[in-house]
Amino acid sequence: MALACHFVARAGKLAAMSRGIAAIFAIAAFVAGFASVAPGHARDRDARILASELRVALGDVNRLANKDLPADHRTGLNERLAGALGLLPWLLKQAGDEEGAQALAAWQQRSLERRAEAMAFATLLSELAERHKLDLARHEASPVSAAAMREARLIHQTYCAGCHDGAGDGIPDLTLPPRDLFLMARAERSDIFLARLVNGIKGDETIGFHNPLDDGQLTALWKLYRSE
């Protein structure tokens, strides 16, 4: 099982192309995985991917509101949001939400540098996230055994700790640096942090780069980060 961070830095000179490139690769991985999954499960997974992508974008916009955010972090977040704006309208159309797709597509040529613009975009994302639910309550209510928590800690130590432990809020001169997951879990809304785990943990090409963790493992990992 290969896990990799979803947060990939892009050079500033490629920012104008990042939206299209991100959309192409994300859609290709999405379609490749879709073909190997039963229709009912595929619909459930697609809905969760959409709900998570909306919340990850909202979390990124919320971070941009931080006046003390390093300039390179700001650049990386804007580039990742540009990529999300290439993918999210397509996902919304697939979910039958044409209105939401059109509303988000209208932001593809707009800047989030001004506070008023960023707030308006965050409001739209919040409305869409409310429309496309992420089943947070199910994860909150799911009991996690001591064995499951030990497995979650082993997953963290094996695949995540090397980049994330002690990273704080990320190295200032990197665009999308690894951040301390335990700090992130405390700093962000529970559903936004869960969304980062759902869409931020990737497998390899053999599973279409989809998250290889099952719901029980995700719940245990999410609760591990929030418990310390």
# chains A, B, ... in the order shown; residues from 1 in each chain; ligands from 1
$ residues_around --residues "A:Leu54" --least-positions-apart "6" --cutoff "8 Å" --atoms "only C-alpha atoms" --output "list in words"
Leu88, Leu125, Leu128 and Ala129 of chain A
$ atom_distance --atom1 "atom CA of A:Leu218" --atom2 "atom CA of A:Leu91"
22.6 Å
$ closest_residue --among "A:Ile201, A:Ala147, A:Leu181, A:Ala220" --to "A:Cys163" --atoms "only C-alpha atoms"
A:Leu181
$ closest_residue --among "A:Gln157, A:Leu81, A:Leu104, A:Arg226" --to "A:Ala187" --atoms "only C-alpha atoms"
A:Arg226
$ closest_residue --among "A:Arg131, A:His73, A:Arg80, A:Arg153" --to "A:Ala57" --atoms "only C-alpha atoms"
A:Arg80
$ closest_residue --among "A:Asn211, A:Ser126, A:Ser142, A:Thr75" --to "A:Leu112" --atoms "only C-alpha atoms"
A:Thr75
$ select_by_dssp --residues "stretch 51-224 of chain A" --states "helix (DSSP H, G or I)" --output "NGL selection string"
:A and (51-64 or 71-94 or 98-105 or 115-131 or 136-141 or 146-164 or 181-187 or 190-200 or 205-207 or 215-224)
$ closest_residue --among "A:Arg179, A:Arg55, A:Arg186, A:Arg43" --to "A:Gln94" --atoms "only C-alpha atoms"
A:Arg43
$ closest_residue --among "A:Asn199, A:Ser227, A:His132, A:Arg150" --to "A:Ala47" --atoms "only C-alpha atoms"
A:His132
$ residues_around --residues "A:Trp222" --least-positions-apart "3" --cutoff "12 Å" --atoms "only C-alpha atoms" --output "ChimeraX atom specification"
/A:136,139-140,142,144,148-149,152-153,155-156,181-182,184-186,190-198,213,215-219,225-228
$ write_last_selection --atoms "N, CA, C and O atoms" --output "short mmCIF file (atom, residue, chain, number, x, y, z; two decimals), in the first residue's frame"
data_model
loop_
_atom_site.label_atom_id
_atom_site.label_comp_id
_atom_site.auth_asym_id
_atom_site.auth_seq_id
_atom_site.Cartn_x
_atom_site.Cartn_y
_atom_site.Cartn_z
N LEU A 136 -20.07 13.14 8.34
CA LEU A 136 -19.24 13.32 9.53
C LEU A 136 -19.81 12.57 10.73
O LEU A 136 -19.07 11.94 11.49
N HIS A 139 -18.77 8.96 11.14
CA HIS A 139 -17.42 8.77 11.66
C HIS A 139 -17.35 9.10 13.15
O HIS A 139 -16.64 8.43 13.91
N GLU A 140 -18.08 10.12 13.56
CA GLU A 140 -18.09 10.49 14.97
C GLU A 140 -18.71 9.39 15.83
O GLU A 140 -18.24 9.11 16.94
N SER A 142 -18.97 6.14 15.07
CA SER A 142 -18.38 4.81 14.92
C SER A 142 -17.42 4.52 16.06
O SER A 142 -16.46 5.28 16.28
N VAL A 144 -14.29 2.92 17.94
CA VAL A 144 -12.96 2.52 17.48
C VAL A 144 -12.29 1.72 18.59
O VAL A 144 -12.13 2.21 19.71
N ALA A 148 -7.81 -1.02 16.64
CA ALA A 148 -7.93 -0.12 15.48
C ALA A 148 -7.10 1.14 15.70
O ALA A 148 -6.49 1.66 14.75
N MET A 149 -7.05 1.63 16.92
CA MET A 149 -6.24 2.82 17.20
C MET A 149 -4.76 2.49 17.08
O MET A 149 -3.97 3.32 16.60
N ALA A 152 -4.05 2.53 13.46
CA ALA A 152 -4.00 3.91 12.96
C ALA A 152 -2.66 4.55 13.29
O ALA A 152 -2.07 5.24 12.45
N ARG A 153 -2.18 4.32 14.49
CA ARG A 153 -0.87 4.90 14.87
C ARG A 153 0.24 4.29 14.02
O ARG A 153 1.18 4.98 13.62
N ILE A 155 -0.11 3.14 10.93
CA ILE A 155 -0.24 3.76 9.61
C ILE A 155 0.43 5.13 9.62
O ILE A 155 1.19 5.48 8.70
N HIS A 156 0.15 5.90 10.66
CA HIS A 156 0.75 7.23 10.75
C HIS A 156 2.27 7.14 10.80
O HIS A 156 2.97 7.85 10.07
N LEU A 181 0.01 17.01 11.22
CA LEU A 181 -1.38 16.55 11.13
C LEU A 181 -2.13 16.70 12.44
O LEU A 181 -3.34 16.96 12.45
N PHE A 182 -1.46 16.55 13.55
CA PHE A 182 -2.11 16.72 14.85
C PHE A 182 -2.50 18.18 15.07
O PHE A 182 -3.58 18.47 15.60
N MET A 184 -3.07 20.33 12.59
CA MET A 184 -4.13 20.60 11.62
C MET A 184 -5.48 20.13 12.15
O MET A 184 -6.49 20.81 11.98
N ALA A 185 -5.50 18.97 12.79
CA ALA A 185 -6.75 18.42 13.31
C ALA A 185 -7.37 19.33 14.36
O ALA A 185 -8.60 19.41 14.48
N ARG A 186 -6.52 20.04 15.11
CA ARG A 186 -7.04 20.96 16.13
C ARG A 186 -7.42 22.30 15.54
O ARG A 186 -8.32 22.98 16.04
N SER A 190 -13.80 19.98 11.92
CA SER A 190 -13.70 18.52 11.87
C SER A 190 -13.98 17.96 10.49
O SER A 190 -13.30 17.05 10.02
N ASP A 191 -15.01 18.50 9.80
CA ASP A 191 -15.34 17.95 8.49
C ASP A 191 -14.29 18.30 7.45
O ASP A 191 -14.03 17.51 6.53
N ILE A 192 -13.66 19.47 7.58
CA ILE A 192 -12.62 19.86 6.63
C ILE A 192 -11.39 18.98 6.81
O ILE A 192 -10.79 18.51 5.83
N PHE A 193 -11.02 18.70 8.06
CA PHE A 193 -9.86 17.84 8.28
C PHE A 193 -10.15 16.41 7.81
O PHE A 193 -9.30 15.76 7.20
N LEU A 194 -11.36 15.93 8.06
CA LEU A 194 -11.74 14.60 7.55
C LEU A 194 -11.65 14.58 6.03
O LEU A 194 -11.16 13.60 5.44
N ALA A 195 -12.11 15.64 5.39
CA ALA A 195 -12.05 15.71 3.93
C ALA A 195 -10.62 15.64 3.43
O ALA A 195 -10.33 15.02 2.39
N ARG A 196 -9.70 16.25 4.15
CA ARG A 196 -8.29 16.19 3.75
C ARG A 196 -7.76 14.76 3.83
O ARG A 196 -6.93 14.34 3.01
N LEU A 197 -8.22 14.00 4.81
CA LEU A 197 -7.81 12.61 4.90
C LEU A 197 -8.45 11.77 3.79
O LEU A 197 -7.80 10.92 3.18
N VAL A 198 -9.72 12.02 3.51
CA VAL A 198 -10.43 11.25 2.49
C VAL A 198 -9.79 11.44 1.12
O VAL A 198 -9.53 10.47 0.39
N LEU A 213 -7.42 3.25 2.25
CA LEU A 213 -7.92 2.98 3.60
C LEU A 213 -9.43 2.77 3.58
O LEU A 213 -10.15 3.48 2.89
N ASP A 215 -13.24 2.62 5.61
CA ASP A 215 -13.89 3.60 6.47
C ASP A 215 -13.44 3.46 7.92
O ASP A 215 -13.25 4.46 8.63
N GLY A 216 -13.29 2.21 8.39
CA GLY A 216 -12.86 2.01 9.77
C GLY A 216 -11.47 2.56 10.02
O GLY A 216 -11.22 3.19 11.05
N GLN A 217 -10.56 2.36 9.07
CA GLN A 217 -9.20 2.88 9.21
C GLN A 217 -9.19 4.40 9.17
O GLN A 217 -8.46 5.06 9.93
N LEU A 218 -10.01 4.99 8.26
CA LEU A 218 -10.08 6.45 8.19
C LEU A 218 -10.64 7.04 9.48
O LEU A 218 -10.14 8.05 9.98
N THR A 219 -11.67 6.41 10.02
CA THR A 219 -12.26 6.89 11.27
C THR A 219 -11.23 6.86 12.39
O THR A 219 -11.08 7.81 13.16
N TYR A 225 -5.72 11.68 15.27
CA TYR A 225 -5.18 13.04 15.12
C TYR A 225 -5.92 14.03 16.01
O TYR A 225 -5.32 14.99 16.52
N ARG A 226 -7.20 13.83 16.22
CA ARG A 226 -7.98 14.76 17.02
C ARG A 226 -7.86 14.51 18.51
O ARG A 226 -8.29 15.34 19.32
N SER A 227 -7.27 13.39 18.89
CA SER A 227 -7.22 13.03 20.31
C SER A 227 -5.95 13.52 21.02
O SER A 227 -5.86 13.42 22.23
N GLU A 228 -4.99 14.03 20.26
CA GLU A 228 -3.72 14.42 20.89
C GLU A 228 -3.38 15.88 20.62
O GLU A 228 -3.91 16.48 19.70
#
$ atom_distance --atom1 "atom CA of A:Gly59" --atom2 "atom CA of A:Glu188"
7.5 Å
$ residues_around --residues "A:Ala106" --least-positions-apart "3" --cutoff "12 Å" --atoms "only C-alpha atoms" --output "ChimeraX atom specification"
/A:85-86,88-89,99-103,109-111,121,124
$ write_last_selection --atoms "N, CA and C atoms" --output "short mmCIF file (atom, residue, chain, number, x, y, z; two decimals), in the first residue's frame"
data_model
loop_
_atom_site.label_atom_id
_atom_site.label_comp_id
_atom_site.auth_asym_id
_atom_site.auth_seq_id
_atom_site.Cartn_x
_atom_site.Cartn_y
_atom_site.Cartn_z
N LEU A 85 -10.75 24.40 -9.16
CA LEU A 85 -11.77 25.04 -9.99
C LEU A 85 -11.83 24.42 -11.38
N GLY A 86 -10.80 23.68 -11.76
CA GLY A 86 -10.87 22.94 -13.01
C GLY A 86 -11.61 21.62 -12.85
N LEU A 88 -13.80 20.73 -9.87
CA LEU A 88 -15.07 20.74 -9.15
C LEU A 88 -16.30 20.94 -10.05
N PRO A 89 -16.28 21.85 -11.02
CA PRO A 89 -17.47 21.95 -11.88
C PRO A 89 -17.80 20.63 -12.58
N GLU A 99 -26.41 23.82 -11.58
CA GLU A 99 -26.37 25.19 -11.03
C GLU A 99 -25.07 25.42 -10.27
N GLY A 100 -24.70 24.47 -9.42
CA GLY A 100 -23.45 24.60 -8.68
C GLY A 100 -22.25 24.61 -9.59
N ALA A 101 -22.27 23.77 -10.64
CA ALA A 101 -21.17 23.72 -11.59
C ALA A 101 -20.98 25.06 -12.27
N GLN A 102 -22.06 25.66 -12.70
CA GLN A 102 -21.97 26.95 -13.37
C GLN A 102 -21.49 28.05 -12.42
N ALA A 103 -21.98 28.00 -11.18
CA ALA A 103 -21.58 29.01 -10.21
C ALA A 103 -20.08 28.95 -9.93
N GLN A 109 -11.82 32.53 -13.64
CA GLN A 109 -10.99 33.65 -14.10
C GLN A 109 -10.93 34.79 -13.07
N ARG A 110 -11.39 34.51 -11.86
CA ARG A 110 -11.41 35.56 -10.84
C ARG A 110 -10.30 35.36 -9.83
N SER A 111 -9.87 36.45 -9.23
CA SER A 111 -8.79 36.41 -8.24
C SER A 111 -9.38 36.37 -6.83
N PHE A 121 -16.33 33.78 -2.27
CA PHE A 121 -16.04 32.43 -2.76
C PHE A 121 -16.23 31.41 -1.64
N LEU A 124 -19.89 30.67 -1.23
CA LEU A 124 -20.38 29.75 -2.25
C LEU A 124 -19.96 28.31 -1.94
#
$ atom_distance --atom1 "atom CA of A:Gly200" --atom2 "atom CA of A:Pro70"
21.9 Å
